[in-house]
file data.pdb (PDB, C-alpha atoms and all ligand atoms)
ATOM      1  CA  MET G   1     -51.184-124.083  51.079
ATOM      2  CA  THR G   2     -53.914-126.276  52.584
ATOM      3  CA  LEU G   3     -52.380-127.382  55.827
ATOM      4  CA  VAL G   4     -53.429-130.449  57.817
ATOM      5  CA  ILE G   5     -51.727-131.422  61.099
ATOM      6  CA  ARG G   6     -52.096-135.093  62.022
ATOM      7  CA  SER G   7     -50.232-138.056  63.508
ATOM      8  CA  ALA G   8     -47.694-139.565  61.129
ATOM      9  CA  THR G   9     -48.634-142.802  59.400
ATOM     10  CA  PRO G  10     -45.972-145.496  58.792
ATOM     11  CA  GLU G  11     -45.896-144.403  55.131
ATOM     12  CA  ASP G  12     -44.891-140.853  56.151
ATOM     13  CA  LEU G  13     -41.892-141.813  58.243
ATOM     14  CA  THR G  14     -39.100-142.022  55.656
ATOM     15  CA  GLN G  15     -40.067-138.580  54.378
ATOM     16  CA  VAL G  16     -40.321-137.254  57.949
ATOM     17  CA  GLY G  17     -36.794-138.428  58.781
ATOM     18  CA  GLU G  18     -35.273-136.932  55.643
ATOM     19  CA  LEU G  19     -37.159-133.664  56.129
ATOM     20  CA  THR G  20     -35.947-133.341  59.714
ATOM     21  CA  ALA G  21     -32.289-133.901  58.825
ATOM     22  CA  HIS G  22     -32.564-131.565  55.836
ATOM     23  CA  ALA G  23     -34.195-128.797  57.903
ATOM     24  CA  TYR G  24     -31.296-128.801  60.388
ATOM     25  CA  LEU G  25     -28.636-129.028  57.672
ATOM     26  CA  ALA G  26     -30.202-126.218  55.649
ATOM     27  CA  ASP G  27     -29.770-123.861  58.619
ATOM     28  CA  ASP G  28     -26.177-125.031  59.205
ATOM     29  CA  LEU G  29     -27.194-126.171  62.659
ATOM     30  CA  LEU G  30     -25.130-129.344  62.262
ATOM     31  CA  SER G  31     -22.261-130.452  60.082
ATOM     32  CA  PRO G  32     -23.037-133.186  57.518
ATOM     33  CA  GLU G  33     -20.767-135.546  59.505
ATOM     34  CA  ASP G  34     -22.591-135.062  62.818
ATOM     35  CA  GLY G  35     -23.829-138.366  64.233
ATOM     36  CA  TYR G  36     -26.992-136.636  65.502
ATOM     37  CA  LEU G  37     -28.213-136.575  61.891
ATOM     38  CA  ASP G  38     -28.842-140.320  62.147
ATOM     39  CA  GLU G  39     -31.157-139.643  65.098
ATOM     40  CA  LEU G  40     -32.941-136.902  63.162
ATOM     41  CA  ARG G  41     -33.438-139.315  60.233
ATOM     42  CA  ASP G  42     -34.767-142.076  62.504
ATOM     43  CA  ALA G  43     -38.443-141.119  62.436
ATOM     44  CA  VAL G  44     -39.345-144.824  62.567
ATOM     45  CA  GLY G  45     -37.569-145.085  65.935
ATOM     46  CA  ARG G  46     -39.271-141.908  67.217
ATOM     47  CA  ALA G  47     -42.701-143.178  66.236
ATOM     48  CA  GLY G  48     -42.057-146.313  68.295
ATOM     49  CA  VAL G  49     -41.470-144.412  71.540
ATOM     50  CA  GLY G  50     -43.263-141.075  71.060
ATOM     51  CA  THR G  51     -45.940-139.332  69.038
ATOM     52  CA  VAL G  52     -44.800-137.978  65.692
ATOM     53  CA  LEU G  53     -47.000-135.222  64.267
ATOM     54  CA  VAL G  54     -46.768-134.092  60.660
ATOM     55  CA  ALA G  55     -47.903-131.014  58.774
ATOM     56  CA  VAL G  56     -49.196-132.059  55.376
ATOM     57  CA  ASP G  57     -49.829-129.698  52.491
ATOM     58  CA  ASP G  58     -52.968-131.104  50.892
ATOM     59  CA  GLY G  59     -52.971-128.483  48.182
ATOM     60  CA  GLN G  60     -49.665-129.445  46.558
ATOM     61  CA  GLU G  61     -49.511-130.568  42.954
ATOM     62  CA  GLY G  62     -48.680-134.252  42.711
ATOM     63  CA  GLY G  63     -50.472-135.136  45.940
ATOM     64  CA  ARG G  64     -49.902-134.743  49.636
ATOM     65  CA  GLN G  65     -46.558-133.572  50.849
ATOM     66  CA  VAL G  66     -45.147-133.638  54.384
ATOM     67  CA  VAL G  67     -43.826-130.110  55.002
ATOM     68  CA  GLY G  68     -43.104-130.236  58.723
ATOM     69  CA  THR G  69     -42.935-132.394  61.820
ATOM     70  CA  VAL G  70     -42.593-132.399  65.594
ATOM     71  CA  THR G  71     -42.330-135.270  68.104
ATOM     72  CA  LEU G  72     -43.886-135.457  71.579
ATOM     73  CA  ALA G  73     -42.219-137.525  74.300
ATOM     74  CA  GLN G  74     -43.511-138.417  77.738
ATOM     75  CA  ALA G  75     -41.209-138.068  80.750
ATOM     76  CA  GLY G  76     -39.185-141.254  81.087
ATOM     77  CA  SER G  77     -39.253-141.964  77.350
ATOM     78  CA  PRO G  78     -35.846-142.476  75.699
ATOM     79  CA  LEU G  79     -36.657-139.335  73.706
ATOM     80  CA  ALA G  80     -37.148-137.143  76.778
ATOM     81  CA  GLU G  81     -34.063-135.101  77.624
ATOM     82  CA  ILE G  82     -35.380-132.810  80.372
ATOM     83  CA  ALA G  83     -39.036-133.710  81.036
ATOM     84  CA  VAL G  84     -40.030-134.736  84.556
ATOM     85  CA  PRO G  85     -43.301-136.511  85.445
ATOM     86  CA  GLY G  86     -46.307-134.381  84.502
ATOM     87  CA  GLU G  87     -44.466-132.818  81.567
ATOM     88  CA  VAL G  88     -44.464-133.630  77.895
ATOM     89  CA  GLU G  89     -41.347-132.764  75.901
ATOM     90  CA  LEU G  90     -41.243-131.537  72.303
ATOM     91  CA  ARG G  91     -38.411-132.787  70.113
ATOM     92  CA  MET G  92     -37.156-132.252  66.601
ATOM     93  CA  LEU G  93     -39.505-129.566  65.335
ATOM     94  CA  ALA G  94     -38.651-129.055  61.678
ATOM     95  CA  VAL G  95     -40.187-127.369  58.645
ATOM     96  CA  ALA G  96     -38.968-127.938  55.084
ATOM     97  CA  PRO G  97     -36.951-124.891  53.968
ATOM     98  CA  ASP G  98     -39.258-124.185  51.002
ATOM     99  CA  ALA G  99     -42.340-124.201  53.260
ATOM    100  CA  ARG G 100     -41.008-121.766  55.896
ATOM    101  CA  GLY G 101     -42.352-118.362  56.819
ATOM    102  CA  ARG G 102     -45.986-119.446  56.309
ATOM    103  CA  GLY G 103     -46.899-120.492  59.831
ATOM    104  CA  VAL G 104     -46.302-124.243  59.475
ATOM    105  CA  GLY G 105     -44.044-124.293  62.549
ATOM    106  CA  GLU G 106     -46.600-122.343  64.557
ATOM    107  CA  ALA G 107     -49.426-124.700  63.497
ATOM    108  CA  LEU G 108     -47.324-127.713  64.557
ATOM    109  CA  LEU G 109     -46.516-126.109  67.888
ATOM    110  CA  ARG G 110     -50.171-125.274  68.592
ATOM    111  CA  ALA G 111     -51.193-128.840  67.697
ATOM    112  CA  ALA G 112     -48.456-130.232  69.961
ATOM    113  CA  LEU G 113     -49.665-128.104  72.897
ATOM    114  CA  ALA G 114     -53.232-129.321  72.314
ATOM    115  CA  HIS G 115     -51.945-132.895  72.212
ATOM    116  CA  GLY G 116     -50.123-132.380  75.517
ATOM    117  CA  THR G 117     -53.316-131.069  77.114
ATOM    118  CA  GLU G 118     -55.309-134.026  75.805
ATOM    119  CA  ALA G 119     -52.673-136.400  77.185
ATOM    120  CA  GLY G 120     -53.169-134.871  80.644
ATOM    121  CA  ALA G 121     -49.762-133.181  80.911
ATOM    122  CA  GLN G 122     -49.468-130.123  83.152
ATOM    123  CA  ARG G 123     -46.578-128.556  81.274
ATOM    124  CA  VAL G 124     -44.703-128.686  77.978
ATOM    125  CA  VAL G 125     -40.914-128.370  77.935
ATOM    126  CA  LEU G 126     -38.363-128.244  75.146
ATOM    127  CA  SER G 127     -34.725-127.437  74.474
ATOM    128  CA  THR G 128     -33.383-125.498  71.510
ATOM    129  CA  LEU G 129     -29.888-124.799  70.291
ATOM    130  CA  VAL G 130     -28.766-121.259  71.100
ATOM    131  CA  GLU G 131     -28.507-120.680  67.316
ATOM    132  CA  MET G 132     -32.179-121.507  66.616
ATOM    133  CA  ARG G 133     -33.340-117.884  66.563
ATOM    134  CA  ALA G 134     -36.453-118.359  64.374
ATOM    135  CA  ALA G 135     -37.648-121.167  66.633
ATOM    136  CA  GLN G 136     -37.052-119.114  69.771
ATOM    137  CA  ARG G 137     -39.005-116.115  68.434
ATOM    138  CA  MET G 138     -41.848-118.470  67.628
ATOM    139  CA  TYR G 139     -41.824-120.008  71.118
ATOM    140  CA  GLN G 140     -41.954-116.574  72.718
ATOM    141  CA  ARG G 141     -44.761-115.472  70.394
ATOM    142  CA  LEU G 142     -46.820-118.463  71.491
ATOM    143  CA  GLY G 143     -46.292-117.815  75.192
ATOM    144  CA  LEU G 144     -43.480-120.196  76.074
ATOM    145  CA  ARG G 145     -40.974-118.795  78.540
ATOM    146  CA  ARG G 146     -37.286-119.331  79.097
ATOM    147  CA  VAL G 147     -36.206-121.425  82.083
ATOM    148  CA  PRO G 148     -32.450-120.783  82.341
ATOM    149  CA  ALA G 149     -32.217-123.133  85.328
ATOM    150  CA  ARG G 150     -32.966-126.019  82.941
ATOM    151  CA  ASP G 151     -30.459-125.048  80.229
ATOM    152  CA  TRP G 152     -27.885-127.753  79.515
ATOM    153  CA  SER G 153     -25.131-128.657  77.099
ATOM    154  CA  VAL G 154     -23.840-131.732  75.336
ATOM    155  CA  GLU G 155     -20.771-132.334  73.158
ATOM    156  CA  GLY G 156     -20.148-128.634  72.627
ATOM    157  CA  TYR G 157     -23.800-127.779  71.876
ATOM    158  CA  SER G 158     -25.507-125.305  74.223
ATOM    159  CA  MET G 159     -29.205-125.918  74.749
ATOM    160  CA  VAL G 160     -31.686-123.364  76.081
ATOM    161  CA  ALA G 161     -34.896-124.544  77.749
ATOM    162  CA  TYR G 162     -38.460-123.262  77.286
ATOM    163  CA  THR G 163     -41.666-124.198  79.050
ATOM    164  CA  ILE G 164     -45.377-123.451  79.088
ATOM    165  CA  ASP G 165     -48.030-124.485  81.588
ATOM    166  CA  LEU G 166     -51.037-126.157  79.991
TER     167      LEU G 166
HETATM  168  C1  LIG Q 201     -38.051-123.042  63.416
HETATM  169  C2  LIG Q 201     -38.880-123.514  62.248
HETATM  170  C3  LIG Q 201     -39.554-124.835  62.614
HETATM  171  C4  LIG Q 201     -39.961-122.439  61.980
HETATM  172  O1  LIG Q 201     -40.842-122.919  60.976
HETATM  173  P1  LIG Q 201     -41.747-121.922  60.079
HETATM  174  O2  LIG Q 201     -42.855-122.731  59.529
HETATM  175  O3  LIG Q 201     -40.914-121.155  59.139
HETATM  176  O4  LIG Q 201     -42.346-120.953  61.182
HETATM  177  P2  LIG Q 201     -43.023-119.562  60.933
HETATM  178  O5  LIG Q 201     -43.725-119.547  59.608
HETATM  179  O6  LIG Q 201     -43.819-119.297  62.144
HETATM  180  O7  LIG Q 201     -41.766-118.539  60.812
HETATM  181  C5  LIG Q 201     -40.829-118.432  61.839
HETATM  182  C6  LIG Q 201     -39.827-117.314  61.528
HETATM  183  O8  LIG Q 201     -38.880-117.738  60.542
HETATM  184  C7  LIG Q 201     -38.824-116.782  59.474
HETATM  185  N1  LIG Q 201     -38.407-117.537  58.265
HETATM  186  C8  LIG Q 201     -37.557-118.567  58.299
HETATM  187  N2  LIG Q 201     -37.330-119.027  57.053
HETATM  188  C9  LIG Q 201     -38.061-118.297  56.226
HETATM  189  C10 LIG Q 201     -38.248-118.313  54.822
HETATM  190  N3  LIG Q 201     -37.616-119.183  54.040
HETATM  191  N4  LIG Q 201     -39.092-117.432  54.294
HETATM  192  C11 LIG Q 201     -39.716-116.554  55.077
HETATM  193  N5  LIG Q 201     -39.562-116.503  56.419
HETATM  194  C12 LIG Q 201     -38.748-117.365  56.998
HETATM  195  C13 LIG Q 201     -40.195-116.191  59.517
HETATM  196  O9  LIG Q 201     -40.239-114.927  58.909
HETATM  197  C14 LIG Q 201     -40.441-116.060  61.001
HETATM  198  O10 LIG Q 201     -39.686-114.981  61.516
HETATM  199  P3  LIG Q 201     -40.235-114.069  62.702
HETATM  200  O11 LIG Q 201     -40.256-114.939  63.922
HETATM  201  O12 LIG Q 201     -39.258-112.971  62.793
HETATM  202  O13 LIG Q 201     -41.605-113.641  62.282
HETATM  203  C15 LIG Q 201     -38.014-123.694  60.971
HETATM  204  O14 LIG Q 201     -37.323-122.478  60.722
HETATM  205  C16 LIG Q 201     -37.003-124.846  61.054
HETATM  206  O15 LIG Q 201     -37.324-125.984  60.712
HETATM  207  N6  LIG Q 201     -35.770-124.543  61.489
HETATM  208  C17 LIG Q 201     -34.681-125.551  61.580
HETATM  209  C18 LIG Q 201     -34.880-126.530  62.740
HETATM  210  C19 LIG Q 201     -35.127-125.851  64.069
HETATM  211  O16 LIG Q 201     -34.567-124.821  64.383
HETATM  212  N7  LIG Q 201     -36.000-126.493  64.894
HETATM  213  C20 LIG Q 201     -36.298-126.067  66.239
HETATM  214  C21 LIG Q 201     -36.032-127.230  67.152
HETATM  215  S1  LIG Q 201     -36.111-126.763  68.863
END

call {"tool": "encode", "arguments": {"input": "data.pdb", "output": "C-alpha cells"}}
result
Amino acid sequence: MTLVIRSATPEDLTQVGELTAHAYLADDLLSPEDGYLDELRDAVGRAGVGTVLVAVDDGQEGGRQVVGTVTLAQAGSPLAEIAVPGEVELRMLAVAPDARGRGVGEALLRAALAHGTEAGAQRVVLSTLVEMRAAQRMYQRLGLRRVPARDWSVEGYSMVAYTIDL
C-alpha cells in the first residue's frame, strides 16, 4: 500500500461519507436504522465546517482509493462536541475494513495532530464509544490520555474522552 494523507477534495466526499458509515456498521457500532449514520455519510456537510483528511492508497489497481478519513473541528464549530477554545477536536475517524491493521488509522491520527499544531491549537481532544477498543489502543499508543472528567453520554451511547497536548 502506498499511502498518502491529504485534505479531501470535493470529488472524494461521496466516497468518504460511504466509507465512514460502512466502517462503523462493519464493527456493529451502530444499528443500520441509527439516524447518526446520516451524519456519518454527510462528508459534504463536514467539509463545509471542518477539515476532512483522507488516506488514499495510491498503489491500488484501478487508480486511487480512499481507505480512511478523519475530520478536524475547531472549538465552536457545529462539529465540536467537547472542544473548548484552544483545542481542536477529532471526529469520525474511520478506516475501510479491508484496509485495517496496516497503520492507516495511525497515519491519519499523526497527520491530524500535525494539522492541529499547524493551526495553532494547544490541545487535541476526541470522544470515542466505549466499544471502540481498537481505536482506544491506538490513541494510547500515540500518547493520548484519558480524561474521565470529560466523558459524556447521549441517547444511550457512552462516550470516553481522550486528549493530548500539542
Ligand atoms: C479504529 C480504526 C480507525 C483503526 O484503523 P486501522 O487502520 O486498522 O489502525 P491500525 O492499523 O493502527 O490497527 C489498529 C488495531 O486494530 C487491529 N485490527 C482491526 N481490524 C483489523 C483487521 N481487519 N486486520 C488486522 N488488524 C486489525 C490491529 O491489529 C490493531 O490492533 P492493536 O491495537 O492491538 O495493535 C478502525 O478500526 C475503524 O475504522 N474502526 C471503526 C470506527 C472507529 O472505531 N472509529 C474511532 C472513532 S473515535

call {"tool": "closest_residue", "arguments": {"input": "data.pdb", "among": "G:Asp27, G:Glu81, G:Asp38, G:Glu118", "to": "ligand LIG 201 (chain Q)", "atoms": "all atoms listed in the file"}}
result
G:Asp27

call {"tool": "resolve_selection", "arguments": {"input": "data.pdb", "expression": "the PyMOL selection byres (((chain G and resi 9) around 12) and not hetatm)", "output": "number ranges by chain"}}
result
G: 5-8, 10-16, 43-44, 47-48, 51-56, 66

call {"tool": "closest_residue", "arguments": {"input": "data.pdb", "among": "G:Val104, G:Asp42, G:Gly50, G:Gly116", "to": "ligand LIG 201 (chain Q)", "atoms": "only C-alpha atoms and all ligand atoms"}}
result
G:Val104

call {"tool": "resolve_selection", "arguments": {"input": "data.pdb", "expression": "the PyMOL selection byres (((chain G and resi 73) around 6) and not hetatm)", "output": "VMD selection string"}}
result
chain G and resid 50 72 74 79 to 80 88 to 89

call {"tool": "resolve_selection", "arguments": {"input": "data.pdb", "expression": "the PyMOL selection byres (((chain G and resi 121) around 8) and not hetatm)", "output": "PDB file with C-alpha atoms, keeping the file's coordinate frame"}}
result
ATOM      1  CA  GLY G  86     -46.307-134.381  84.502  1.00  0.00           C
ATOM      2  CA  GLU G  87     -44.466-132.818  81.567  1.00  0.00           C
ATOM      3  CA  VAL G  88     -44.464-133.630  77.895  1.00  0.00           C
ATOM      4  CA  GLY G 116     -50.123-132.380  75.517  1.00  0.00           C
ATOM      5  CA  THR G 117     -53.316-131.069  77.114  1.00  0.00           C
ATOM      6  CA  GLU G 118     -55.309-134.026  75.805  1.00  0.00           C
ATOM      7  CA  ALA G 119     -52.673-136.400  77.185  1.00  0.00           C
ATOM      8  CA  GLY G 120     -53.169-134.871  80.644  1.00  0.00           C
ATOM      9  CA  GLN G 122     -49.468-130.123  83.152  1.00  0.00           C
ATOM     10  CA  ARG G 123     -46.578-128.556  81.274  1.00  0.00           C
ATOM     11  CA  VAL G 124     -44.703-128.686  77.978  1.00  0.00           C
ATOM     12  CA  LEU G 166     -51.037-126.157  79.991  1.00  0.00           C
TER      13      LEU G 166
END

call {"tool": "closest_residue", "arguments": {"input": "data.pdb", "among": "G:His22, G:Arg102, G:Arg146, G:Arg46", "to": "ligand LIG 201 (chain Q)", "atoms": "all atoms listed in the file"}}
result
G:Arg102

call {"tool": "decode", "arguments": {"input": "data.pdb", "residues": "segment 118-138 of chain G", "atoms": "N, CA, C and O atoms", "output": "PDB file, in the first residue's frame"}}
result
ATOM      1  N   GLU G 118      -0.198  22.907  13.383  1.00  0.00           N
ATOM      2  CA  GLU G 118      -0.077  23.966  12.363  1.00  0.00           C
ATOM      3  C   GLU G 118      -1.172  25.021  12.526  1.00  0.00           C
ATOM      4  O   GLU G 118      -0.944  26.200  12.268  1.00  0.00           O
ATOM      5  N   ALA G 119      -2.343  24.582  12.967  1.00  0.00           N
ATOM      6  CA  ALA G 119      -3.468  25.516  13.128  1.00  0.00           C
ATOM      7  C   ALA G 119      -3.342  26.332  14.414  1.00  0.00           C
ATOM      8  O   ALA G 119      -4.184  27.177  14.710  1.00  0.00           O
ATOM      9  N   GLY G 120      -2.306  26.050  15.212  1.00  0.00           N
ATOM     10  CA  GLY G 120      -2.072  26.841  16.421  1.00  0.00           C
ATOM     11  C   GLY G 120      -2.823  26.356  17.648  1.00  0.00           C
ATOM     12  O   GLY G 120      -2.858  27.058  18.658  1.00  0.00           O
ATOM     13  N   ALA G 121      -3.410  25.159  17.577  1.00  0.00           N
ATOM     14  CA  ALA G 121      -4.134  24.626  18.740  1.00  0.00           C
ATOM     15  C   ALA G 121      -3.143  24.201  19.820  1.00  0.00           C
ATOM     16  O   ALA G 121      -2.007  23.818  19.519  1.00  0.00           O
ATOM     17  N   GLN G 122      -3.572  24.291  21.072  1.00  0.00           N
ATOM     18  CA  GLN G 122      -2.712  23.849  22.179  1.00  0.00           C
ATOM     19  C   GLN G 122      -2.965  22.394  22.543  1.00  0.00           C
ATOM     20  O   GLN G 122      -2.143  21.741  23.181  1.00  0.00           O
ATOM     21  N   ARG G 123      -4.128  21.880  22.148  1.00  0.00           N
ATOM     22  CA  ARG G 123      -4.513  20.545  22.594  1.00  0.00           C
ATOM     23  C   ARG G 123      -5.463  19.925  21.573  1.00  0.00           C
ATOM     24  O   ARG G 123      -6.213  20.657  20.906  1.00  0.00           O
ATOM     25  N   VAL G 124      -5.399  18.600  21.458  1.00  0.00           N
ATOM     26  CA  VAL G 124      -6.380  17.868  20.658  1.00  0.00           C
ATOM     27  C   VAL G 124      -7.260  17.068  21.615  1.00  0.00           C
ATOM     28  O   VAL G 124      -6.755  16.506  22.595  1.00  0.00           O
ATOM     29  N   VAL G 125      -8.553  17.055  21.351  1.00  0.00           N
ATOM     30  CA  VAL G 125      -9.483  16.259  22.154  1.00  0.00           C
ATOM     31  C   VAL G 125     -10.331  15.394  21.216  1.00  0.00           C
ATOM     32  O   VAL G 125     -10.504  15.722  20.046  1.00  0.00           O
ATOM     33  N   LEU G 126     -10.831  14.307  21.752  1.00  0.00           N
ATOM     34  CA  LEU G 126     -11.773  13.485  20.987  1.00  0.00           C
ATOM     35  C   LEU G 126     -12.570  12.609  21.941  1.00  0.00           C
ATOM     36  O   LEU G 126     -12.172  12.394  23.083  1.00  0.00           O
ATOM     37  N   SER G 127     -13.701  12.128  21.440  1.00  0.00           N
ATOM     38  CA  SER G 127     -14.535  11.195  22.200  1.00  0.00           C
ATOM     39  C   SER G 127     -14.651   9.908  21.400  1.00  0.00           C
ATOM     40  O   SER G 127     -14.759   9.947  20.172  1.00  0.00           O
ATOM     41  N   THR G 128     -14.639   8.779  22.099  1.00  0.00           N
ATOM     42  CA  THR G 128     -14.877   7.506  21.416  1.00  0.00           C
ATOM     43  C   THR G 128     -15.984   6.768  22.159  1.00  0.00           C
ATOM     44  O   THR G 128     -16.195   6.984  23.353  1.00  0.00           O
ATOM     45  N   LEU G 129     -16.655   5.880  21.429  1.00  0.00           N
ATOM     46  CA  LEU G 129     -17.601   4.995  22.099  1.00  0.00           C
ATOM     47  C   LEU G 129     -16.814   4.020  22.967  1.00  0.00           C
ATOM     48  O   LEU G 129     -15.714   3.585  22.578  1.00  0.00           O
ATOM     49  N   VAL G 130     -17.375   3.657  24.096  1.00  0.00           N
ATOM     50  CA  VAL G 130     -16.730   2.682  24.986  1.00  0.00           C
ATOM     51  C   VAL G 130     -16.301   1.429  24.205  1.00  0.00           C
ATOM     52  O   VAL G 130     -15.241   0.867  24.444  1.00  0.00           O
ATOM     53  N   GLU G 131     -17.123   1.046  23.214  1.00  0.00           N
ATOM     54  CA  GLU G 131     -16.874  -0.207  22.465  1.00  0.00           C
ATOM     55  C   GLU G 131     -15.706  -0.105  21.482  1.00  0.00           C
ATOM     56  O   GLU G 131     -15.277  -1.121  20.936  1.00  0.00           O
ATOM     57  N   MET G 132     -15.196   1.075  21.222  1.00  0.00           N
ATOM     58  CA  MET G 132     -14.171   1.238  20.170  1.00  0.00           C
ATOM     59  C   MET G 132     -12.786   0.876  20.707  1.00  0.00           C
ATOM     60  O   MET G 132     -11.907   1.728  20.852  1.00  0.00           O
ATOM     61  N   ARG G 133     -12.583  -0.414  20.951  1.00  0.00           N
ATOM     62  CA  ARG G 133     -11.342  -0.856  21.615  1.00  0.00           C
ATOM     63  C   ARG G 133     -10.103  -0.631  20.742  1.00  0.00           C
ATOM     64  O   ARG G 133      -9.055  -0.221  21.237  1.00  0.00           O
ATOM     65  N   ALA G 134     -10.205  -0.957  19.436  1.00  0.00           N
ATOM     66  CA  ALA G 134      -9.028  -0.797  18.558  1.00  0.00           C
ATOM     67  C   ALA G 134      -8.613   0.668  18.530  1.00  0.00           C
ATOM     68  O   ALA G 134      -7.419   0.997  18.632  1.00  0.00           O
ATOM     69  N   ALA G 135      -9.599   1.553  18.430  1.00  0.00           N
ATOM     70  CA  ALA G 135      -9.291   2.988  18.395  1.00  0.00           C
ATOM     71  C   ALA G 135      -8.623   3.410  19.705  1.00  0.00           C
ATOM     72  O   ALA G 135      -7.625   4.134  19.703  1.00  0.00           O
ATOM     73  N   GLN G 136      -9.129   2.917  20.820  1.00  0.00           N
ATOM     74  CA  GLN G 136      -8.588   3.358  22.108  1.00  0.00           C
ATOM     75  C   GLN G 136      -7.152   2.861  22.313  1.00  0.00           C
ATOM     76  O   GLN G 136      -6.314   3.592  22.840  1.00  0.00           O
ATOM     77  N   ARG G 137      -6.861   1.639  21.854  1.00  0.00           N
ATOM     78  CA  ARG G 137      -5.465   1.162  21.949  1.00  0.00           C
ATOM     79  C   ARG G 137      -4.560   2.065  21.113  1.00  0.00           C
ATOM     80  O   ARG G 137      -3.454   2.412  21.524  1.00  0.00           O
ATOM     81  N   MET G 138      -5.046   2.428  19.943  1.00  0.00           N
ATOM     82  CA  MET G 138      -4.256   3.287  19.068  1.00  0.00           C
ATOM     83  C   MET G 138      -4.012   4.656  19.712  1.00  0.00           C
ATOM     84  O   MET G 138      -2.891   5.166  19.699  1.00  0.00           O
TER      85      MET G 138
END
